[in-house]
Amino acid sequence: MKKTLPKYYPLIPVFAAYLIMFLIGFFVPGMWQMVALLAFYCALGQSWNIFMGMTGYVDFGYVTFIALGTYGMSLGITYCSQYEWLGIGIIVIGFILAMFLASLSALLEAFIALRLRGAYFAIACIGINEGLRYFIEGAKIWGGSEGLIYFGALVQALGRDTVNQLTSFWADFSVFIIAALAAFLNMHYMRSKIGYALTAVREDEDAAKVMGINANKYKTIAFLTSGWLGAGVGAMAWGLKLGYVYPGDVFVIHYTVECIVVVLLGGAGTLLGPVVGGLIYGLSKYWLAVIMPGFQLLIFAPIIIIIIVAAPEGVVGLLKRRLKGTRLEMFIE
Amino acid sequence: MSSMLKVENLESGYGAMQVLWKPSLEVKKGSITSLLGPNGVGKSTFLLTVLGSVEPWAGKIFYEDKEITNLPTHKKVDLGIALVPEGKHLFDGMNVHENLIMGAYRKEAIKYIDDSLELVYSLFPILKERDRQGAGTLSGGQQQMLTIARALMTKPNLIMLDEPSQGLAPILVGEVFETIQKLQAEVGLTILLVEQNAEASLNAASYVYIMHEGQIKAEGTADKIRGSSDIREAYLGI
């Protein structure tokens, strides 16, 4: 394979979008919460898309990672907040725990579920997610079904002012960072040997193996990366921001479905897709909830169906086709 | 001649169903060896087991006198074994050139990528003409050529072809077999050819194994098999 210079141009519109969102949220009063919600959807879409876009495998149990990330942060804060000298270090410990739990479950899932393909893979992932939830509830570990409530412990350890700043700004800000990191990693993988290998796997896994591609290795790398990022979002946007966790709140397939909708709206396997999808989904959900509370899903379902039928490649897929041959082409991936 | 591939009492299958019942086979270096037999006797499973896509249950596989029975597929490809899978497993979304580049994925092959490209384009000039065309839009014969060409890009020493003549018009079958003979004579590859087309295989191969119900039922030089009317009638129907 000839070495071509890595072209990271398609990252420019993605980063620009995140920067604009951040600036709007930061400087326009009252906008921060909405921008944080949008960043949450963009980050999740981007993280989920790393695995799905490159391998073609649909991980229906993705929320497992988000949930375990939340639990990692919760456990770190709950059990370490009594040591005063740790200070802000308990957040770091929580984050490391989140990554550890995500790695553990990603490797386990990769070992069990990545041997399966198509619908069987999706079902196995859902099974693992539900299994984990009922295991936590049934075995009464980590607080069982009563969950963990540690907001008080957090305030006691770090003081009210610090905690206010953490939950109202830094938790959301780190979601932006994770979203940008997800975009960068996605681009980096696409431009490296992993990307070539996974493209071959997506097109024809059997043929890829015959070419000497270690399909399992590369699938596991993408799965692990995707899991880490999801756990990071969970740890920050839920674990740190909310100050409590219940298994029934976090192991909910609904959030996986939201990831899928975001990615399909924007364009599966594209870099800009999750950003566009996240914005469309987040904004419409927000507005529909304001103008017609309770009816948002009823209205949203047909809108999604129409978009999927009219533009099966997603908005960015459509855009890519329109821009083919123009100078803007190299910025859209 | 020394042995390139040696398989001893191989057993494998899918789930609880055993497909291979201890066939043994040897491919001499630089030869064309053919494995013949009708549909559903385990020929493809045999190749997949040799390459490790299907796990061997028992038996031994040697490559250049080193045992490789339980190596994973990608390590076997690294050693220089290539499989041209049955039914043209191409990357349909990529063009001809990209398919070939994907073939040179392993480290050893990347070094020789320019030489390999030159070789396959000289063997299959039609692929050079169409190098930017989508692989899925090629004709059946061209797709078969591309599958073989892509396997050559891995820089193999041993190439295993799974029914390369399947689904091709008779005139194209002749072309494919000519190419296979060229690979042996001009490129110096060792070839294990799995086929249903007995007539053409007997002409191309120097040594022939006949498989039936997962076992090797007969073997011999091509001339011996052609000369034995018993074998021909019982297993080949010619």
# chains A, B, ... in the order shown; residues from 1 in each chain; ligands from 1
>>> closest_atom_pairs(of="chain B", to="chain A", cutoff="10 Å", atoms="only C-alpha atoms", output="JSON lines")
{"residue": "B:Leu48", "atom": "CA", "partner": "A:Val210", "partner_atom": "CA", "distance": 9.4}
{"residue": "B:Leu51", "atom": "CA", "partner": "A:Val210", "partner_atom": "CA", "distance": 8.1}
{"residue": "B:Gly52", "atom": "CA", "partner": "A:Val210", "partner_atom": "CA", "distance": 9.6}
{"residue": "B:Ser53", "atom": "CA", "partner": "A:Lys209", "partner_atom": "CA", "distance": 7.9}
{"residue": "B:Pro72", "atom": "CA", "partner": "A:Asn214", "partner_atom": "CA", "distance": 8.6}
{"residue": "B:Thr73", "atom": "CA", "partner": "A:Gly212", "partner_atom": "CA", "distance": 6.6}
{"residue": "B:His74", "atom": "CA", "partner": "A:Gly212", "partner_atom": "CA", "distance": 4.0}
{"residue": "B:Lys75", "atom": "CA", "partner": "A:Gly212", "partner_atom": "CA", "distance": 7.0}
{"residue": "B:Lys76", "atom": "CA", "partner": "A:Gly212", "partner_atom": "CA", "distance": 7.6}
{"residue": "B:Val77", "atom": "CA", "partner": "A:Gly212", "partner_atom": "CA", "distance": 5.0}
{"residue": "B:Asp78", "atom": "CA", "partner": "A:Gly212", "partner_atom": "CA", "distance": 6.6}
{"residue": "B:Leu79", "atom": "CA", "partner": "A:Gly212", "partner_atom": "CA", "distance": 9.7}
{"residue": "B:Gly80", "atom": "CA", "partner": "A:Gly212", "partner_atom": "CA", "distance": 9.6}
{"residue": "B:Ile81", "atom": "CA", "partner": "A:Val210", "partner_atom": "CA", "distance": 9.2}
{"residue": "B:Ala82", "atom": "CA", "partner": "A:Val210", "partner_atom": "CA", "distance": 7.0}
{"residue": "B:Leu83", "atom": "CA", "partner": "A:Val210", "partner_atom": "CA", "distance": 6.3}
{"residue": "B:Val84", "atom": "CA", "partner": "A:Val210", "partner_atom": "CA", "distance": 8.0}
{"residue": "B:Pro85", "atom": "CA", "partner": "A:Ala207", "partner_atom": "CA", "distance": 7.4}
{"residue": "B:Lys88", "atom": "CA", "partner": "A:Ala207", "partner_atom": "CA", "distance": 8.9}
{"residue": "B:His89", "atom": "CA", "partner": "A:Ala207", "partner_atom": "CA", "distance": 5.6}
{"residue": "B:Leu90", "atom": "CA", "partner": "A:Ala207", "partner_atom": "CA", "distance": 6.9}
{"residue": "B:Phe91", "atom": "CA", "partner": "A:Glu203", "partner_atom": "CA", "distance": 5.4}
{"residue": "B:Asp92", "atom": "CA", "partner": "A:Glu203", "partner_atom": "CA", "distance": 7.0}
{"residue": "B:Gly93", "atom": "CA", "partner": "A:Glu203", "partner_atom": "CA", "distance": 7.0}
{"residue": "B:Met94", "atom": "CA", "partner": "A:Glu203", "partner_atom": "CA", "distance": 8.7}
{"residue": "B:Asn99", "atom": "CA", "partner": "A:Ala200", "partner_atom": "CA", "distance": 9.0}
{"residue": "B:Ile101", "atom": "CA", "partner": "A:Met1", "partner_atom": "CA", "distance": 6.5}
{"residue": "B:Met102", "atom": "CA", "partner": "A:Met211", "partner_atom": "CA", "distance": 7.4}
{"residue": "B:Gly103", "atom": "CA", "partner": "A:Met211", "partner_atom": "CA", "distance": 5.6}
{"residue": "B:Ala104", "atom": "CA", "partner": "A:Met1", "partner_atom": "CA", "distance": 7.1}
{"residue": "B:Tyr105", "atom": "CA", "partner": "A:Met211", "partner_atom": "CA", "distance": 6.7}
{"residue": "B:Arg106", "atom": "CA", "partner": "A:Gly212", "partner_atom": "CA", "distance": 6.3}
{"residue": "B:Lys107", "atom": "CA", "partner": "A:Met1", "partner_atom": "CA", "distance": 9.2}
{"residue": "B:Ala109", "atom": "CA", "partner": "A:Met1", "partner_atom": "CA", "distance": 8.8}
{"residue": "B:Ile110", "atom": "CA", "partner": "A:Met1", "partner_atom": "CA", "distance": 5.5}
{"residue": "B:Lys111", "atom": "CA", "partner": "A:Met1", "partner_atom": "CA", "distance": 8.2}
{"residue": "B:Tyr112", "atom": "CA", "partner": "A:Met1", "partner_atom": "CA", "distance": 9.4}
{"residue": "B:Ile113", "atom": "CA", "partner": "A:Met1", "partner_atom": "CA", "distance": 6.9}
{"residue": "B:Asp114", "atom": "CA", "partner": "A:Met1", "partner_atom": "CA", "distance": 9.2}
{"residue": "B:Thr147", "atom": "CA", "partner": "A:Ala207", "partner_atom": "CA", "distance": 9.5}
{"residue": "B:Arg150", "atom": "CA", "partner": "A:Met211", "partner_atom": "CA", "distance": 8.4}
{"residue": "B:Ala151", "atom": "CA", "partner": "A:Met211", "partner_atom": "CA", "distance": 7.2}
{"residue": "B:Met153", "atom": "CA", "partner": "A:Met211", "partner_atom": "CA", "distance": 9.0}
{"residue": "B:Thr154", "atom": "CA", "partner": "A:Met211", "partner_atom": "CA", "distance": 6.9}
>>> residues_around(residues="range 28-36 of chain A", least_positions_apart="2", cutoff="9 Å", atoms="only C-alpha atoms", output="list in words")
Met21, Phe22, Leu23, Ile24, Gly25, Phe26, Leu38, Ala39, Phe40, Tyr41, Ser168, Phe169, Asp172, Phe173, Val175, Phe176, Ala237, Gly282, Leu283 and Tyr286 of chain A
>>> write_last_selection(atoms="C-alpha atoms", output="mmCIF file, in the first residue's frame")
data_model
loop_
_atom_site.group_PDB
_atom_site.id
_atom_site.type_symbol
_atom_site.label_atom_id
_atom_site.label_comp_id
_atom_site.auth_asym_id
_atom_site.auth_seq_id
_atom_site.Cartn_x
_atom_site.Cartn_y
_atom_site.Cartn_z
ATOM 1 C CA MET A 21 -22.129 25.175 19.395
ATOM 2 C CA PHE A 22 -19.783 25.757 22.312
ATOM 3 C CA LEU A 23 -19.512 29.493 21.686
ATOM 4 C CA ILE A 24 -23.283 29.896 21.385
ATOM 5 C CA GLY A 25 -23.792 28.007 24.620
ATOM 6 C CA PHE A 26 -21.065 29.917 26.415
ATOM 7 C CA LEU A 38 -27.036 18.621 21.517
ATOM 8 C CA ALA A 39 -23.399 17.854 22.319
ATOM 9 C CA PHE A 40 -24.574 14.770 24.207
ATOM 10 C CA TYR A 41 -26.392 13.422 21.146
ATOM 11 C CA SER A 168 -23.070 23.032 35.383
ATOM 12 C CA PHE A 169 -20.032 23.569 33.164
ATOM 13 C CA ASP A 172 -20.898 19.323 29.710
ATOM 14 C CA PHE A 173 -17.624 20.747 28.454
ATOM 15 C CA VAL A 175 -18.780 15.915 26.525
ATOM 16 C CA PHE A 176 -17.656 18.377 23.833
ATOM 17 C CA ALA A 237 -22.959 13.652 31.270
ATOM 18 C CA GLY A 282 -31.659 17.136 19.498
ATOM 19 C CA LEU A 283 -33.232 20.355 18.241
ATOM 20 C CA TYR A 286 -36.230 19.919 22.331
#
>>> residues_around(residues="Pro38 in chain B", least_positions_apart="5", cutoff="9 Å", atoms="only C-alpha atoms", output="PyMOL selection string")
chain B and resi 43+195-197+211-212+235-236
>>> write_last_selection(atoms="N, CA, C and O atoms", output="PDB file, in the first residue's frame")
ATOM      1  N   LYS B  43     -15.201 -30.736  -0.509  1.00  0.00           N
ATOM      2  CA  LYS B  43     -13.996 -30.146  -1.115  1.00  0.00           C
ATOM      3  C   LYS B  43     -13.735 -28.740  -0.581  1.00  0.00           C
ATOM      4  O   LYS B  43     -12.625 -28.414  -0.184  1.00  0.00           O
ATOM      5  N   GLU B 195     -12.031 -28.841  -8.069  1.00  0.00           N
ATOM      6  CA  GLU B 195     -12.901 -28.700  -9.237  1.00  0.00           C
ATOM      7  C   GLU B 195     -13.974 -29.775  -9.319  1.00  0.00           C
ATOM      8  O   GLU B 195     -13.844 -30.855  -8.738  1.00  0.00           O
ATOM      9  N   GLN B 196     -15.042 -29.436 -10.048  1.00  0.00           N
ATOM     10  CA  GLN B 196     -16.015 -30.440 -10.467  1.00  0.00           C
ATOM     11  C   GLN B 196     -15.786 -30.810 -11.919  1.00  0.00           C
ATOM     12  O   GLN B 196     -16.183 -31.868 -12.380  1.00  0.00           O
ATOM     13  N   ASN B 197     -15.167 -29.886 -12.631  1.00  0.00           N
ATOM     14  CA  ASN B 197     -14.935 -30.080 -14.049  1.00  0.00           C
ATOM     15  C   ASN B 197     -13.763 -31.051 -14.243  1.00  0.00           C
ATOM     16  O   ASN B 197     -12.605 -30.666 -14.317  1.00  0.00           O
ATOM     17  N   MET B 211     -12.336 -37.087  -4.207  1.00  0.00           N
ATOM     18  CA  MET B 211     -12.972 -37.053  -2.902  1.00  0.00           C
ATOM     19  C   MET B 211     -14.430 -37.455  -3.019  1.00  0.00           C
ATOM     20  O   MET B 211     -15.124 -37.102  -3.975  1.00  0.00           O
ATOM     21  N   HIS B 212     -14.872 -38.235  -2.021  1.00  0.00           N
ATOM     22  CA  HIS B 212     -16.261 -38.641  -1.979  1.00  0.00           C
ATOM     23  C   HIS B 212     -16.655 -38.830  -0.524  1.00  0.00           C
ATOM     24  O   HIS B 212     -15.924 -39.445   0.243  1.00  0.00           O
ATOM     25  N   TYR B 235     -16.840 -42.307  -9.887  1.00  0.00           N
ATOM     26  CA  TYR B 235     -16.798 -41.014  -9.185  1.00  0.00           C
ATOM     27  C   TYR B 235     -16.911 -39.792 -10.077  1.00  0.00           C
ATOM     28  O   TYR B 235     -17.301 -38.725  -9.630  1.00  0.00           O
ATOM     29  N   LEU B 236     -16.497 -39.905 -11.311  1.00  0.00           N
ATOM     30  CA  LEU B 236     -16.439 -38.696 -12.132  1.00  0.00           C
ATOM     31  C   LEU B 236     -17.537 -38.639 -13.176  1.00  0.00           C
ATOM     32  O   LEU B 236     -17.867 -37.585 -13.685  1.00  0.00           O
TER      33      LEU B 236
END
>>> select_by_dssp(residues="range 77-144 of chain A", states="helix (DSSP H, G or I)", output="VMD selection string")
chain A and resid 77 to 80 84 to 86 89 to 113 118 to 138 141 to 144
>>> residues_around(residues="Ile91 in chain A", least_positions_apart="2", cutoff="8 Å", atoms="only C-alpha atoms", output="PyMOL selection string")
chain A and resi 73+76-77+88-89+93-95+240
>>> closest_residue(among="A:Leu154, A:Leu318, A:Val262, A:Leu298", to="Ser74 in chain A", atoms="only C-alpha atoms")
A:Leu154
>>> closest_residue(among="B:Asn95, B:Glu26, B:Ser34, B:Glu199", to="Thr137 in chain B", atoms="only C-alpha atoms")
B:Asn95
>>> select_by_dssp(residues="range 78-260 of chain A", states="strand (DSSP E or B)", output="PDB file with C-alpha atoms, in the first residue's frame")
ATOM      1  CA  LEU A 148     -26.247   5.015  44.307  1.00  0.00           C
ATOM      2  CA  ILE A 149     -26.923   8.575  45.440  1.00  0.00           C
ATOM      3  CA  TYR A 244     -27.062   9.606  41.315  1.00  0.00           C
ATOM      4  CA  VAL A 245     -27.526   6.398  39.320  1.00  0.00           C
TER       5      VAL A 245
END
>>> residues_around(residues="Glu178 in chain B", least_positions_apart="4", cutoff="12 Å", atoms="only C-alpha atoms", output="PyMOL selection string")
chain B and resi 123-124+145+164-165+171-174+182-186+200-201+203-205
>>> atom_distance(atom1="CA of Leu5 in chain B", atom2="CA of Leu193 in chain B")
12.8 Å
>>> closest_residue(among="B:Ile225, B:Leu71, B:Ile216, B:Val208", to="Gly42 in chain B", atoms="only C-alpha atoms")
B:Ile216
>>> residues_around(residues="Gly267 in chain A", least_positions_apart="5", cutoff="10 Å", atoms="only C-alpha atoms", output="VMD selection string")
chain A and resid 49 53 261 to 262 272 to 277 308 311 to 320 333
>>> write_last_selection(atoms="C-alpha atoms", output="PDB file, in the first residue's frame")
ATOM      1  CA  ASN A  49     -20.680   5.365  14.544  1.00  0.00           C
ATOM      2  CA  GLY A  53     -19.798   2.865  10.406  1.00  0.00           C
ATOM      3  CA  VAL A 261     -31.554   7.446  14.871  1.00  0.00           C
ATOM      4  CA  VAL A 262     -28.926  10.190  15.153  1.00  0.00           C
ATOM      5  CA  LEU A 272     -20.032  14.659   9.691  1.00  0.00           C
ATOM      6  CA  GLY A 273     -23.195  12.536   9.858  1.00  0.00           C
ATOM      7  CA  PRO A 274     -23.477  12.140  13.638  1.00  0.00           C
ATOM      8  CA  VAL A 275     -23.040  15.911  14.100  1.00  0.00           C
ATOM      9  CA  VAL A 276     -25.775  16.768  11.620  1.00  0.00           C
ATOM     10  CA  GLY A 277     -27.973  13.956  12.927  1.00  0.00           C
ATOM     11  CA  ILE A 308     -35.050   7.534   6.026  1.00  0.00           C
ATOM     12  CA  ALA A 311     -32.568  10.026   2.009  1.00  0.00           C
ATOM     13  CA  PRO A 312     -31.465   6.495   2.931  1.00  0.00           C
ATOM     14  CA  GLU A 313     -27.827   7.603   3.036  1.00  0.00           C
ATOM     15  CA  GLY A 314     -28.666  10.315   5.530  1.00  0.00           C
ATOM     16  CA  VAL A 315     -28.321  14.048   5.121  1.00  0.00           C
ATOM     17  CA  VAL A 316     -24.551  13.940   4.790  1.00  0.00           C
ATOM     18  CA  GLY A 317     -24.718  11.056   2.324  1.00  0.00           C
ATOM     19  CA  LEU A 318     -26.989  13.230   0.181  1.00  0.00           C
ATOM     20  CA  LEU A 319     -24.675  16.210   0.559  1.00  0.00           C
ATOM     21  CA  LYS A 320     -21.667  14.093  -0.371  1.00  0.00           C
ATOM     22  CA  GLU A 333     -16.480  12.596   4.635  1.00  0.00           C
TER      23      GLU A 333
END
>>> residues_around(residues="Asp59 in chain A", least_positions_apart="2", cutoff="6 Å", atoms="only C-alpha atoms", output="ChimeraX atom specification")
/A:61-62,122
>>> closest_residue(among="A:Ala106, A:Phe251, A:Gly230, A:Ile332", to="Ile126 in chain A", atoms="only C-alpha atoms")
A:Phe251
>>> atom_distance(atom1="CA of Gly294 in chain A", atom2="CA of Ala179 in chain A")
29.1 Å
>>> decode(residues="range 7-20 of chain B", atoms="N, CA, C and O atoms", output="short mmCIF file (atom, residue, chain, number, x, y, z; two decimals), in the first residue's frame")
data_model
loop_
_atom_site.label_atom_id
_atom_site.label_comp_id
_atom_site.auth_asym_id
_atom_site.auth_seq_id
_atom_site.Cartn_x
_atom_site.Cartn_y
_atom_site.Cartn_z
N VAL B 7 -1.36 -32.89 4.16
CA VAL B 7 -2.50 -32.98 5.08
C VAL B 7 -2.65 -34.44 5.48
O VAL B 7 -2.63 -35.32 4.62
N GLU B 8 -2.76 -34.69 6.79
CA GLU B 8 -2.87 -36.06 7.27
C GLU B 8 -4.14 -36.25 8.08
O GLU B 8 -4.34 -35.58 9.09
N ASN B 9 -4.98 -37.15 7.66
CA ASN B 9 -6.18 -37.57 8.40
C ASN B 9 -6.98 -36.40 8.96
O ASN B 9 -7.32 -36.36 10.13
N LEU B 10 -7.28 -35.44 8.12
CA LEU B 10 -7.96 -34.23 8.57
C LEU B 10 -9.44 -34.52 8.88
O LEU B 10 -10.12 -35.21 8.14
N GLU B 11 -9.88 -33.99 10.02
CA GLU B 11 -11.30 -34.11 10.36
C GLU B 11 -11.82 -32.73 10.70
O GLU B 11 -11.17 -31.98 11.41
N SER B 12 -13.00 -32.40 10.20
CA SER B 12 -13.65 -31.15 10.60
C SER B 12 -15.09 -31.18 10.14
O SER B 12 -15.54 -32.13 9.50
N GLY B 13 -15.82 -30.14 10.49
CA GLY B 13 -17.23 -30.07 10.12
C GLY B 13 -17.86 -28.83 10.70
O GLY B 13 -17.17 -27.92 11.15
N TYR B 14 -19.19 -28.80 10.69
CA TYR B 14 -19.92 -27.65 11.20
C TYR B 14 -20.84 -28.10 12.32
O TYR B 14 -21.67 -28.99 12.11
N GLY B 15 -20.71 -27.52 13.51
CA GLY B 15 -21.55 -27.94 14.63
C GLY B 15 -21.33 -29.40 14.93
O GLY B 15 -20.21 -29.84 15.15
N ALA B 16 -22.41 -30.19 14.91
CA ALA B 16 -22.28 -31.60 15.23
C ALA B 16 -22.05 -32.44 13.97
O ALA B 16 -21.82 -33.64 14.05
N MET B 17 -22.12 -31.77 12.80
CA MET B 17 -22.04 -32.53 11.56
C MET B 17 -20.61 -32.64 11.06
O MET B 17 -19.99 -31.63 10.73
N GLN B 18 -20.10 -33.85 11.04
CA GLN B 18 -18.74 -34.04 10.53
C GLN B 18 -18.77 -34.12 9.02
O GLN B 18 -19.58 -34.84 8.43
N VAL B 19 -17.89 -33.35 8.39
CA VAL B 19 -17.85 -33.31 6.93
C VAL B 19 -16.64 -34.06 6.39
O VAL B 19 -16.74 -34.85 5.45
N LEU B 20 -15.49 -33.83 7.01
CA LEU B 20 -14.26 -34.48 6.54
C LEU B 20 -13.97 -35.71 7.40
O LEU B 20 -13.91 -35.62 8.62
#
